[in-house]
Structure formats: C-alpha cells, structure tokens
file input-v5.cif (mmCIF, C-alpha atoms)
data_my_file
#
loop_
_atom_site.label_atom_id
_atom_site.label_comp_id
_atom_site.auth_asym_id
_atom_site.auth_seq_id
_atom_site.Cartn_x
_atom_site.Cartn_y
_atom_site.Cartn_z
CA MET G 1 0.00 0.00 0.00
CA ARG G 2 1.29 3.46 -0.91
CA ARG G 3 -0.05 6.98 -0.41
CA LEU G 4 -1.41 8.45 -3.63
CA SER G 5 -1.55 12.20 -4.33
CA GLY G 6 -3.91 13.30 -7.08
CA VAL G 7 -3.47 16.09 -9.60
CA ILE G 8 -5.87 19.04 -9.50
CA GLN G 9 -7.07 20.35 -12.85
CA GLU G 10 -8.13 24.00 -12.97
CA TYR G 11 -10.94 24.52 -15.48
CA ALA G 12 -13.21 27.55 -15.64
CA TRP G 13 -16.32 25.58 -14.63
CA GLY G 14 -14.78 24.30 -11.38
CA SER G 15 -15.72 25.18 -7.82
CA ARG G 16 -13.39 27.38 -5.79
CA THR G 17 -14.25 25.68 -2.50
CA ALA G 18 -15.44 22.06 -2.94
CA LEU G 19 -12.10 20.35 -3.57
CA PRO G 20 -10.24 22.39 -0.89
CA GLU G 21 -12.97 21.36 1.57
CA LEU G 22 -12.61 17.69 0.60
CA LEU G 23 -8.80 17.77 0.69
CA GLY G 24 -8.47 19.95 3.77
CA THR G 25 -6.46 22.59 1.93
CA ALA G 26 -6.76 26.36 1.66
CA PRO G 27 -8.68 27.68 -1.35
CA THR G 28 -6.47 29.26 -3.99
CA GLY G 29 -9.13 31.59 -5.31
CA ARG G 30 -9.02 29.79 -8.65
CA PRO G 31 -11.60 27.27 -9.90
CA GLN G 32 -10.48 23.72 -9.08
CA ALA G 33 -12.54 21.40 -11.23
CA GLU G 34 -11.14 17.87 -11.13
CA LEU G 35 -8.89 15.71 -8.98
CA TRP G 36 -7.22 13.01 -11.10
CA LEU G 37 -6.23 9.77 -9.39
CA GLY G 38 -4.74 7.50 -12.02
CA ALA G 39 -1.87 6.93 -14.42
CA HIS G 40 -3.04 8.79 -17.51
CA PRO G 41 0.05 10.37 -19.13
CA LEU G 42 -1.48 13.86 -19.17
CA ALA G 43 -1.74 14.08 -15.37
CA PRO G 44 -0.55 10.99 -13.49
CA ALA G 45 -1.03 10.91 -9.74
CA ARG G 46 2.06 10.70 -7.55
CA LEU G 47 3.44 8.14 -5.15
CA ASP G 48 6.48 8.89 -3.01
CA GLY G 49 9.21 10.18 -5.33
CA GLN G 50 7.60 9.18 -8.64
CA THR G 51 4.37 9.25 -10.61
CA LEU G 52 2.00 6.31 -10.63
CA LEU G 53 2.73 5.98 -14.35
CA GLU G 54 6.47 5.64 -13.65
CA HIS G 55 5.78 3.17 -10.86
CA ILE G 56 3.72 0.95 -13.17
CA GLU G 57 6.25 1.15 -15.98
CA SER G 58 9.07 0.13 -13.62
CA ASP G 59 7.40 -3.23 -12.84
CA PRO G 60 4.13 -3.80 -14.73
CA GLN G 61 3.80 -7.37 -13.49
CA ALA G 62 3.88 -6.45 -9.80
CA ALA G 63 1.77 -3.31 -10.24
CA LEU G 64 -0.92 -4.65 -12.57
CA GLY G 65 -0.82 -8.43 -12.30
CA SER G 66 -1.14 -11.05 -15.01
CA GLU G 67 -4.89 -10.72 -15.56
CA VAL G 68 -4.93 -6.96 -16.13
CA ARG G 69 -1.79 -7.13 -18.27
CA SER G 70 -3.28 -9.87 -20.46
CA ARG G 71 -6.43 -7.79 -21.05
CA PHE G 72 -5.08 -4.22 -21.26
CA GLY G 73 -1.33 -4.43 -21.69
CA ALA G 74 1.12 -2.60 -19.44
CA ARG G 75 -1.23 0.24 -18.49
CA LEU G 76 -3.78 0.99 -15.81
CA PRO G 77 -7.16 0.68 -17.57
CA PHE G 78 -9.17 3.00 -15.32
CA LEU G 79 -8.99 6.61 -14.14
CA LEU G 80 -10.62 7.78 -10.91
CA LYS G 81 -11.63 11.42 -10.49
CA VAL G 82 -13.47 13.77 -8.19
CA LEU G 83 -15.52 16.40 -10.03
CA ALA G 84 -16.32 19.76 -8.40
CA ILE G 85 -18.70 21.61 -10.72
CA ASP G 86 -19.93 25.15 -10.22
CA GLU G 87 -20.87 26.04 -13.82
CA ALA G 88 -22.12 24.04 -16.77
CA LEU G 89 -19.57 22.01 -18.74
CA SER G 90 -19.50 21.96 -22.53
CA LEU G 91 -21.94 19.86 -24.54
CA GLN G 92 -19.89 16.76 -25.26
CA ALA G 93 -19.71 13.08 -26.05
CA HIS G 94 -16.99 10.45 -26.00
CA PRO G 95 -15.92 8.14 -28.85
CA ASN G 96 -16.08 4.38 -29.00
CA MET G 97 -12.88 2.36 -29.27
CA THR G 98 -12.85 2.21 -33.08
CA GLN G 99 -13.39 5.97 -33.40
CA ALA G 100 -10.77 6.75 -30.76
CA SER G 101 -8.14 4.53 -32.34
CA ALA G 102 -8.72 5.96 -35.82
CA GLY G 103 -8.95 9.56 -34.60
CA PHE G 104 -5.78 9.33 -32.54
CA ALA G 105 -3.84 7.78 -35.44
CA ARG G 106 -5.14 10.48 -37.78
CA GLU G 107 -4.06 13.35 -35.52
CA GLU G 108 -0.70 11.71 -34.82
CA ALA G 109 -0.10 11.40 -38.58
CA ALA G 110 -1.01 15.08 -38.97
CA GLY G 111 1.76 15.97 -36.52
CA LEU G 112 -0.50 17.56 -33.89
CA LYS G 113 1.13 17.72 -30.47
CA LEU G 114 -0.84 16.25 -27.57
CA SER G 115 -0.97 19.75 -26.08
CA ASP G 116 -2.40 21.30 -29.27
CA PRO G 117 -5.75 22.94 -28.36
CA LYS G 118 -7.16 21.88 -31.75
CA ARG G 119 -6.65 18.24 -30.92
CA SER G 120 -9.74 16.09 -30.28
CA TYR G 121 -8.02 12.78 -29.47
CA ARG G 122 -5.42 12.73 -26.68
CA ASP G 123 -5.13 8.94 -26.68
CA ALA G 124 -6.37 5.86 -28.54
CA SER G 125 -8.94 4.72 -25.96
CA HIS G 126 -12.68 4.96 -25.67
CA LYS G 127 -14.05 6.71 -22.58
CA PRO G 128 -17.14 5.14 -21.07
CA GLU G 129 -17.66 6.74 -17.67
CA MET G 130 -19.78 6.61 -14.55
CA VAL G 131 -20.43 9.44 -12.11
CA VAL G 132 -21.65 8.91 -8.52
CA ALA G 133 -23.05 11.92 -6.68
CA LEU G 134 -21.52 13.03 -3.37
CA THR G 135 -23.90 16.00 -3.19
CA ARG G 136 -27.02 16.82 -5.18
CA PHE G 137 -25.75 16.63 -8.76
CA ASP G 138 -27.39 18.02 -11.90
CA ALA G 139 -26.69 16.98 -15.48
CA LEU G 140 -28.07 17.09 -19.00
CA CYS G 141 -27.84 13.60 -20.41
CA GLY G 142 -29.25 11.96 -23.54
CA PHE G 143 -32.09 13.08 -25.80
CA LYS G 144 -35.70 13.66 -24.80
CA THR G 145 -38.47 12.06 -26.81
CA ALA G 146 -39.40 13.83 -30.05
CA GLU G 147 -42.76 14.78 -28.54
CA GLN G 148 -41.07 16.49 -25.59
CA MET G 149 -38.74 18.33 -27.95
CA VAL G 150 -41.66 19.64 -29.98
CA GLU G 151 -43.37 20.93 -26.83
CA ARG G 152 -40.33 22.97 -25.83
CA LEU G 153 -39.63 24.33 -29.30
CA GLN G 154 -43.25 25.40 -29.66
CA VAL G 155 -42.98 27.38 -26.41
CA LEU G 156 -40.17 29.38 -28.05
CA GLY G 157 -42.38 30.23 -31.00
CA VAL G 158 -39.46 30.98 -33.37
CA ASP G 159 -40.57 30.89 -37.02
CA ASP G 160 -37.11 29.81 -38.18
CA LEU G 161 -37.54 26.59 -36.15
CA ARG G 162 -40.82 25.64 -37.82
CA SER G 163 -39.11 23.15 -40.15
CA THR G 164 -37.32 21.65 -37.13
CA VAL G 165 -40.66 21.09 -35.40
CA GLN G 166 -42.16 19.61 -38.58
CA MET G 167 -39.28 17.18 -38.92
CA LEU G 168 -39.78 15.95 -35.36
CA GLN G 169 -43.52 15.62 -35.92
CA GLY G 170 -43.03 13.74 -39.19
CA TRP G 171 -40.26 11.45 -37.90
CA PRO G 172 -40.75 11.21 -34.11
CA ASP G 173 -37.86 8.78 -33.73
CA ALA G 174 -34.08 8.65 -33.97
CA VAL G 175 -34.24 9.51 -37.69
CA GLY G 176 -35.97 12.83 -37.05
CA VAL G 177 -33.80 13.71 -34.05
CA THR G 178 -30.66 12.90 -36.02
CA GLY G 179 -31.74 15.28 -38.76
CA VAL G 180 -32.56 18.02 -36.26
CA VAL G 181 -29.24 17.77 -34.40
CA HIS G 182 -27.25 17.68 -37.64
CA GLY G 183 -29.20 20.70 -38.88
CA LEU G 184 -28.67 22.77 -35.72
CA LEU G 185 -24.98 21.97 -35.33
CA GLY G 186 -24.26 22.13 -39.05
CA MET G 187 -25.34 25.75 -39.65
CA ASN G 188 -22.81 28.11 -41.17
CA ASP G 189 -21.79 31.19 -39.21
CA ALA G 190 -24.30 33.53 -40.84
CA GLU G 191 -27.22 31.11 -40.36
CA ARG G 192 -26.26 30.49 -36.76
CA ARG G 193 -26.03 34.20 -35.92
CA ASP G 194 -29.42 34.87 -37.48
CA VAL G 195 -31.25 31.92 -35.87
CA MET G 196 -29.66 32.29 -32.45
CA GLY G 197 -30.41 36.00 -32.38
CA LYS G 198 -34.12 35.12 -32.65
CA VAL G 199 -33.82 32.19 -30.25
CA ASN G 200 -32.11 34.39 -27.66
CA GLU G 201 -34.92 36.95 -27.90
CA ALA G 202 -37.45 34.15 -27.43
CA LEU G 203 -35.58 32.72 -24.44
CA ALA G 204 -35.60 36.15 -22.78
CA ARG G 205 -39.37 36.20 -23.29
CA VAL G 206 -40.13 32.68 -21.98
CA ARG G 207 -37.40 32.24 -19.35
CA GLY G 208 -40.08 32.18 -16.65
CA GLU G 209 -41.77 29.12 -18.17
CA GLY G 210 -39.53 26.67 -16.29
CA GLU G 211 -36.00 25.88 -15.21
CA GLU G 212 -35.09 24.44 -18.62
CA PHE G 213 -35.84 27.77 -20.31
CA GLU G 214 -34.09 29.75 -17.59
CA ARG G 215 -31.00 27.56 -17.95
CA ALA G 216 -31.03 27.90 -21.74
CA TYR G 217 -31.45 31.66 -21.37
CA GLN G 218 -28.48 31.96 -19.03
CA LEU G 219 -26.32 29.90 -21.39
CA SER G 220 -27.47 31.98 -24.36
CA GLN G 221 -26.26 35.11 -22.56
CA ARG G 222 -22.86 33.58 -22.05
CA TYR G 223 -22.62 32.03 -25.54
CA PRO G 224 -24.98 34.18 -27.66
CA GLN G 225 -24.08 32.69 -31.06
CA ASP G 226 -23.86 29.07 -29.91
CA THR G 227 -26.63 26.63 -30.83
CA GLY G 228 -25.69 24.67 -27.71
CA ALA G 229 -28.05 26.80 -25.63
CA LEU G 230 -30.91 25.70 -27.89
CA LEU G 231 -29.76 22.06 -27.84
CA THR G 232 -30.04 21.95 -24.05
CA LEU G 233 -33.83 22.07 -24.49
CA LEU G 234 -33.61 18.75 -26.35
CA LEU G 235 -31.76 16.91 -23.56
CA ASN G 236 -32.97 15.20 -20.40
CA HIS G 237 -32.35 17.04 -17.15
CA VAL G 238 -31.26 14.53 -14.51
CA THR G 239 -30.82 15.19 -10.79
CA LEU G 240 -28.85 12.69 -8.73
CA GLU G 241 -29.10 12.50 -4.98
CA PRO G 242 -25.99 11.37 -3.04
CA GLY G 243 -25.22 7.74 -3.86
CA GLN G 244 -27.07 7.72 -7.16
CA ALA G 245 -25.14 7.32 -10.40
CA LEU G 246 -25.21 7.79 -14.16
CA PHE G 247 -23.42 5.57 -16.65
CA LEU G 248 -22.50 7.27 -19.92
CA PRO G 249 -21.55 5.02 -22.84
CA ALA G 250 -19.88 6.21 -26.02
CA GLY G 251 -21.94 8.65 -28.08
CA ASN G 252 -24.14 10.00 -25.28
CA LEU G 253 -24.51 13.79 -25.59
CA HIS G 254 -24.29 15.31 -22.13
CA ALA G 255 -23.24 18.26 -20.00
CA TYR G 256 -22.73 18.21 -16.25
CA LEU G 257 -24.22 21.27 -14.57
CA LYS G 258 -23.45 21.42 -10.85
CA GLY G 259 -22.37 19.31 -7.89
CA LEU G 260 -19.63 17.19 -6.35
CA ALA G 261 -19.15 13.62 -7.53
CA VAL G 262 -16.78 10.69 -7.82
CA GLU G 263 -16.22 9.68 -11.44
CA VAL G 264 -14.55 6.60 -12.88
CA MET G 265 -13.82 5.93 -16.54
CA ALA G 266 -11.65 4.09 -18.96
CA SER G 267 -8.29 5.85 -18.76
CA SER G 268 -8.79 8.42 -21.50
CA ASP G 269 -9.08 12.16 -22.07
CA ASN G 270 -10.94 12.04 -25.38
CA VAL G 271 -13.71 14.66 -25.42
CA LEU G 272 -15.65 15.68 -28.53
CA ARG G 273 -17.34 19.02 -27.90
CA GLY G 274 -20.38 20.50 -29.60
CA GLY G 275 -20.66 23.90 -27.95
CA LEU G 276 -20.97 25.97 -24.78
CA THR G 277 -17.22 26.24 -24.38
CA PRO G 278 -14.26 28.39 -25.45
CA LYS G 279 -12.34 25.14 -26.06
CA HIS G 280 -11.96 23.33 -29.38
CA VAL G 281 -15.29 22.30 -30.93
CA ASP G 282 -15.19 19.54 -33.55
CA VAL G 283 -18.74 19.34 -34.91
CA PRO G 284 -18.13 16.77 -37.70
CA GLU G 285 -16.37 14.39 -35.33
CA LEU G 286 -19.05 14.85 -32.67
CA LEU G 287 -21.86 14.18 -35.16
CA ALA G 288 -20.10 11.01 -36.30
CA THR G 289 -19.99 9.87 -32.66
CA LEU G 290 -23.49 10.61 -31.33
CA VAL G 291 -25.92 7.81 -30.53
CA TYR G 292 -29.62 8.70 -30.72
CA GLU G 293 -31.46 6.81 -28.00
CA LEU G 294 -34.54 8.80 -27.00
CA GLY G 295 -36.21 9.05 -23.62
CA SER G 296 -35.22 9.10 -19.98
CA VAL G 297 -31.79 7.95 -18.86
CA PRO G 298 -31.56 5.29 -16.11
CA ILE G 299 -30.46 6.49 -12.68
CA LEU G 300 -28.39 3.79 -11.00
CA SER G 301 -28.54 2.82 -7.35
CA PRO G 302 -25.88 0.56 -5.86
CA ARG G 303 -26.44 -3.09 -5.13
CA ARG G 304 -25.11 -4.72 -2.00
CA GLU G 305 -22.36 -7.29 -2.54
CA SER G 306 -20.77 -8.72 0.60
CA GLU G 307 -19.30 -5.69 2.40
CA GLU G 308 -19.63 -3.22 -0.49
CA ASP G 309 -22.11 -1.07 -2.39
CA VAL G 310 -21.43 -1.69 -6.09
CA TRP G 311 -22.58 0.34 -9.10
CA ASP G 312 -22.74 -1.97 -12.11
CA ALA G 313 -21.35 -0.76 -15.43
CA PRO G 314 -21.16 -2.87 -18.62
CA VAL G 315 -17.46 -2.22 -19.26
CA ALA G 316 -14.28 -4.17 -18.66
CA GLU G 317 -11.99 -1.29 -17.68
CA PHE G 318 -13.42 -0.35 -14.30
CA ARG G 319 -15.42 -1.36 -11.27
CA LEU G 320 -16.54 1.18 -8.65
CA SER G 321 -17.75 0.35 -5.18
CA ARG G 322 -18.12 1.96 -1.77
CA LEU G 323 -17.33 0.87 1.79
CA ARG G 324 -19.50 2.58 4.38
CA LEU G 325 -17.94 1.95 7.76
CA ARG G 326 -19.77 2.87 10.95
CA GLY G 327 -17.20 1.69 13.45
CA GLY G 328 -16.87 -1.79 12.01
CA ALA G 329 -14.37 -3.45 9.69
CA ALA G 330 -14.26 -4.69 6.11
CA ALA G 331 -11.78 -6.95 4.34
CA PRO G 332 -12.70 -6.86 0.63
CA VAL G 333 -11.51 -9.55 -1.73
CA ARG G 334 -8.51 -8.22 -3.67
CA ARG G 335 -9.15 -7.41 -7.34
CA GLY G 336 -5.74 -6.58 -8.74
CA PRO G 337 -4.51 -2.97 -8.78
CA GLU G 338 -6.78 -0.77 -6.67
CA ILE G 339 -7.26 2.81 -5.51
CA LEU G 340 -9.04 3.64 -2.26
CA LEU G 341 -10.37 7.18 -1.75
CA CYS G 342 -11.83 8.39 1.53
CA VAL G 343 -14.55 11.03 1.05
CA ASP G 344 -15.88 11.26 4.61
CA GLY G 345 -14.66 10.48 8.11
CA GLU G 346 -11.43 8.65 8.92
CA ALA G 347 -10.54 5.04 8.23
CA GLN G 348 -7.57 2.84 9.02
CA VAL G 349 -6.22 0.64 6.26
CA ASN G 350 -4.05 -2.11 7.69
CA GLY G 351 -3.68 0.13 10.71
CA GLN G 352 -2.58 3.20 8.70
CA PRO G 353 -4.84 6.30 8.79
CA LEU G 354 -6.84 7.23 5.69
CA ARG G 355 -8.50 10.59 6.24
CA LYS G 356 -11.09 12.50 4.26
CA GLY G 357 -9.62 13.49 0.89
CA GLU G 358 -6.75 10.98 1.07
CA ALA G 359 -6.14 8.06 -1.30
CA VAL G 360 -3.95 4.97 -1.37
CA TRP G 361 -2.72 2.67 -4.13
CA PHE G 362 -2.42 -1.11 -4.01
CA ASP G 363 -0.26 -3.05 -6.43
CA ALA G 364 -1.74 -6.30 -7.69
CA ALA G 365 1.14 -8.02 -5.89
CA ASP G 366 0.24 -6.51 -2.52
CA GLY G 367 -1.51 -8.70 -0.01
CA GLY G 368 -4.98 -8.33 1.38
CA TYR G 369 -6.10 -5.44 3.53
CA ALA G 370 -8.61 -4.57 6.22
CA VAL G 371 -10.42 -1.25 6.56
CA THR G 372 -11.79 -0.08 9.89
CA GLY G 373 -13.17 3.12 11.37
CA LYS G 374 -16.04 5.47 10.69
CA ALA G 375 -15.70 6.55 7.07
CA THR G 376 -16.97 6.38 3.50
CA VAL G 377 -14.35 4.95 1.18
CA PHE G 378 -14.64 4.52 -2.60
CA ARG G 379 -12.80 1.64 -4.23
CA ALA G 380 -11.79 1.59 -7.91
CA CYS G 381 -10.30 -1.36 -9.74
CA ALA G 382 -10.49 -3.11 -13.11
CA GLY G 383 -13.82 -4.63 -14.10
CA SER G 384 -14.67 -8.27 -14.62
#
call {"tool": "encode", "arguments": {"input": "input-v5.cif", "output": "structure tokens"}}
result
Amino acid sequence: MRRLSGVIQEYAWGSRTALPELLGTAPTGRPQAELWLGAHPLAPARLDGQTLLEHIESDPQAALGSEVRSRFGARLPFLLKVLAIDEALSLQAHPNMTQASAGFAREEAAGLKLSDPKRSYRDASHKPEMVVALTRFDALCGFKTAEQMVERLQVLGVDDLRSTVQMLQGWPDAVGVTGVVHGLLGMNDAERRDVMGKVNEALARVRGEGEEFERAYQLSQRYPQDTGALLTLLLNHVTLEPGQALFLPAGNLHAYLKGLAVEVMASSDNVLRGGLTPKHVDVPELLATLVYELGSVPILSPRRESEEDVWDAPVAEFRLSRLRLRGGAAAPVRRGPEILLCVDGEAQVNGQPLRKGEAVWFDAADGGYAVTGKATVFRACAGS
C-alpha cells in the first residue's frame, strides 16, 4: 500500500471551495474542477518520489498483475476522479474504441502535439464513464423524446424553427432527431447568428416558463451565437441524490451542470465538444460519434455485494464500489490494482490512517487489507 496524491485540474467551470474542503487545503481563489487519481500520461497521480505511471512502468507485473496485463497491456485501464462543478460544462460526447483509435492515429499522422488545443483525441482509448453523486448533482444527459422536444420548441415560438418542429412531428424517432441535431450543429456562421439571435430573444421572453428555459437563457447570454443553448432544451435534465449514479456510454450527448461527484472511466481524455465552451469544438467528429437513443436515462442505485455497495457498469476497464464503515471493519476480496479514496470520516487501512480526501494505491502483488473506522471509502479497480 502506498499513499497516492492526485493532480488538480483547474478549469473555468470548477468550484473554488469544494475540492479544498474535501482535501483539507486552503482555497487558492481559482476554480479547481477535477482531482485526477490515475496513471493517464497527461496528469498521473504521484506516489512517493515518482508518478503512478512511472511506478507501473518500472514493474508492470507487480503493479498490474497477469490478468490486467493480459487484457489491457502494461497500463492501468481506469482513471478515478473527483468532479467539483460550479458552472455548466461543454456539450460533449466520447468516442467508442474504433473511433478513438482511428482519430488518434489520424491526428498523430497530422503531426499535432498532444498539447495542441485543436486536438480532439489525446489517446487511442474509448471513454465510457460513470459518475456517482456526493452531493445533489445536476446533469443534462441523452435526448428527450421527439414529442417532448416539440413541446419545448413550440414554447419558443421561433418561425425559423418551424421546419425543425415539422421534422420531429413527421419522424418522431431517432431519424428525425438525427436530422434536427445535424441541422442545428451544421449551420454556417451567418445562419447560426441569425437563428440564435431570434432564439435568444425568445428565451428572454419565456425564461419564466420553467428551469429548462431559464437555464437555456443563461447559457445563451454567455454564448450568444452558440446553438448549444438551444440544444439543451432537447436533452434530459437529470438530478442525482448522493449515492445515485449515471453511466455514460460512447456517443451519449451530455453536459454536467453542478455538484460534487466521484467519477470513474476508462483511462482516456478524449472529449468531442459541440458547444458551450471556449475550447476546441469539432462538430463533424461529434456528429459522427453521437448515438440517438430517446427518452429518460436510467439512474443507477448501488447493489449490495458482501461488504460493499457496487454500481454496475457494462465495461471491462473499471469497477466502482463503496465501503460505508460505521465503526466496524471490512476486508474486501482483492481485485488486482486498486485505488481507495476516503470522502468522509477517517478510516484505518491495515492500521494506517486514511483521512477525508486521502487516497492509497495497491499493487496487484500486494496482499490483502482490512479497513476499519467510521468513514466512507470509494474503491476503484479493473472490471470483470
């Protein structure tokens, strides 16, 4: 077992207080958006004297074990994060494995540096992900039904969107929604300025009709020529209570809005953005990635397995569970390389303290462990 120090990522949408409160550190005054706990090359966490990436590369067999190495090679397949969101993220989706591999190879051949802001693919991996709320957590996730979309567009009453409404009425399925999304994101600059000028006027008029219109209005003020504000009316608004989770497969259009959460994903930083951001937007690549499944998105609750709460995800790269200790002890079955993260209280792991905000790393070659105390501890490892 080794102490693991995560890397804080400062993005504009981050909270200025949530991560300092979790970690027990002084606020810097800057937005601190994500805490990375993994071995991704862009921001590997640190062990004593070296990064986790360097530690794994020095002895992949001991760090990862035979099973993980046979399935994923000499790399850690998962990335654990804490998200601290104070403002809406960009509209985005993540590629599947085929798209990621091809996109990464294409940008490598073009000579784009990994740090190039115009780059869409930072690695060759897909990025399925799951987010578990630590506080009330709001997100836009997946497409509404065509009927629900029509209702919201009709409230706007914008003549330029009449053909959009007619398409959804004529093809109230994935075909119609695909055409609408391609049409809205595929406008040229002049068309977008003209349409969004009218949409923004309409949003100012109807902002009192509900939180969806108020949210779209606020985003339209920040990004006045961005069709993303309009697209938010076509997405499901999901609220997670602490302990509830969302699983996001490849191609799901989403935007996190507010809250603190633990997130686990395949170890990747591939994000395809469609708007509501000053960062690189790659509309053609996003449109080639999107999956059009209409209707509400499942909210996941954990199932009890032995001493753990487990959130099931249909992916091989990760497994996320939670130990809730109320003065007792737990001795989970080892599952290869693991990260433990304490988010509340204080635990002891093999007699060593693990306080709120602290994390530890276990090599696959390490022995078993026992956790005691009064604490909530998240556990990330490779999936089945």
call {"tool": "atom_distance", "arguments": {"input": "input-v5.cif", "atom1": "atom CA of Pro27 of chain G", "atom2": "atom CA of Gly259 of chain G"}}
result
17.3 Å
call {"tool": "closest_atom_pairs", "arguments": {"input": "input-v5.cif", "of": "segment 319-354 of chain G", "to": "segment 260-278 of chain G", "cutoff": "12 Å", "atoms": "all atoms listed in the file", "output": "CSV"}}
result
residue,atom,partner,partner_atom,distance
G:Arg319,CA,G:Val264,CA,8.2
G:Leu320,CA,G:Val264,CA,7.2
G:Ser321,CA,G:Val264,CA,10.4
G:Arg322,CA,G:Val262,CA,10.7
G:Ile339,CA,G:Val264,CA,11.0
G:Leu340,CA,G:Val262,CA,11.9
G:Leu341,CA,G:Val262,CA,9.5
G:Cys342,CA,G:Val262,CA,10.8
G:Val343,CA,G:Val262,CA,9.2
call {"tool": "write_last_selection", "arguments": {"input": "input-v5.cif", "atoms": "C-alpha atoms", "output": "short mmCIF file (atom, residue, chain, number, x, y, z; two decimals), keeping the file's coordinate frame"}}
result
data_model
loop_
_atom_site.label_atom_id
_atom_site.label_comp_id
_atom_site.auth_asym_id
_atom_site.auth_seq_id
_atom_site.Cartn_x
_atom_site.Cartn_y
_atom_site.Cartn_z
CA ARG G 319 -15.42 -1.36 -11.27
CA LEU G 320 -16.54 1.18 -8.65
CA SER G 321 -17.75 0.35 -5.18
CA ARG G 322 -18.12 1.96 -1.77
CA ILE G 339 -7.26 2.81 -5.51
CA LEU G 340 -9.04 3.64 -2.26
CA LEU G 341 -10.37 7.18 -1.75
CA CYS G 342 -11.83 8.39 1.53
CA VAL G 343 -14.55 11.03 1.05
#
call {"tool": "closest_residue", "arguments": {"input": "input-v5.cif", "among": "G:Arg122, G:Asp159, G:Thr145, G:Asn200", "to": "Arg222 of chain G", "atoms": "all atoms listed in the file"}}
result
G:Asn200
call {"tool": "closest_residue", "arguments": {"input": "input-v5.cif", "among": "G:Ala370, G:Ala63, G:Ala190, G:Ala202", "to": "Glu307 of chain G", "atoms": "all atoms listed in the file"}}
result
G:Ala370
call {"tool": "closest_residue", "arguments": {"input": "input-v5.cif", "among": "G:Lys198, G:Arg16, G:Lys113, G:Arg303", "to": "Leu83 of chain G", "atoms": "all atoms listed in the file"}}
result
G:Arg16
call {"tool": "decode", "arguments": {"input": "input-v5.cif", "residues": "segment 115-133 of chain G", "atoms": "N, CA and C atoms", "output": "short mmCIF file (atom, residue, chain, number, x, y, z; two decimals), in the first residue's frame"}}
result
data_model
loop_
_atom_site.label_atom_id
_atom_site.label_comp_id
_atom_site.auth_asym_id
_atom_site.auth_seq_id
_atom_site.Cartn_x
_atom_site.Cartn_y
_atom_site.Cartn_z
N SER G 115 -0.55 18.52 -26.75
CA SER G 115 -0.97 19.75 -26.08
C SER G 115 -1.68 20.73 -27.01
N ASP G 116 -1.77 20.40 -28.30
CA ASP G 116 -2.40 21.30 -29.27
C ASP G 116 -3.87 21.48 -28.92
N PRO G 117 -4.35 22.72 -28.73
CA PRO G 117 -5.75 22.94 -28.36
C PRO G 117 -6.74 22.51 -29.43
N LYS G 118 -6.26 22.32 -30.68
CA LYS G 118 -7.16 21.88 -31.75
C LYS G 118 -7.29 20.36 -31.81
N ARG G 119 -6.62 19.70 -30.90
CA ARG G 119 -6.65 18.24 -30.92
C ARG G 119 -7.92 17.73 -30.26
N SER G 120 -8.55 16.71 -30.86
CA SER G 120 -9.74 16.09 -30.28
C SER G 120 -9.41 14.78 -29.56
N TYR G 121 -8.36 14.09 -30.02
CA TYR G 121 -8.02 12.78 -29.47
C TYR G 121 -6.66 12.84 -28.79
N ARG G 122 -6.67 12.69 -27.46
CA ARG G 122 -5.42 12.73 -26.68
C ARG G 122 -4.84 11.34 -26.47
N ASP G 123 -5.59 10.31 -26.82
CA ASP G 123 -5.13 8.94 -26.68
C ASP G 123 -5.98 8.06 -27.59
N ALA G 124 -5.70 6.77 -27.61
CA ALA G 124 -6.37 5.86 -28.54
C ALA G 124 -7.46 5.03 -27.87
N SER G 125 -7.97 5.51 -26.73
CA SER G 125 -8.94 4.72 -25.96
C SER G 125 -10.34 5.33 -26.01
N HIS G 126 -11.32 4.45 -25.89
CA HIS G 126 -12.68 4.96 -25.67
C HIS G 126 -12.78 5.47 -24.23
N LYS G 127 -13.93 6.09 -23.90
CA LYS G 127 -14.05 6.71 -22.58
C LYS G 127 -15.45 6.54 -22.00
N PRO G 128 -15.90 5.30 -21.84
CA PRO G 128 -17.14 5.14 -21.07
C PRO G 128 -16.88 5.61 -19.65
N GLU G 129 -17.88 6.18 -19.00
CA GLU G 129 -17.66 6.74 -17.67
C GLU G 129 -18.90 6.60 -16.81
N MET G 130 -18.68 6.64 -15.51
CA MET G 130 -19.78 6.61 -14.55
C MET G 130 -19.51 7.65 -13.48
N VAL G 131 -20.55 8.38 -13.11
CA VAL G 131 -20.43 9.44 -12.11
C VAL G 131 -21.38 9.11 -10.96
N VAL G 132 -20.87 9.18 -9.72
CA VAL G 132 -21.65 8.91 -8.52
C VAL G 132 -21.69 10.19 -7.68
N ALA G 133 -22.88 10.65 -7.37
CA ALA G 133 -23.05 11.92 -6.68
C ALA G 133 -22.60 11.84 -5.22
#
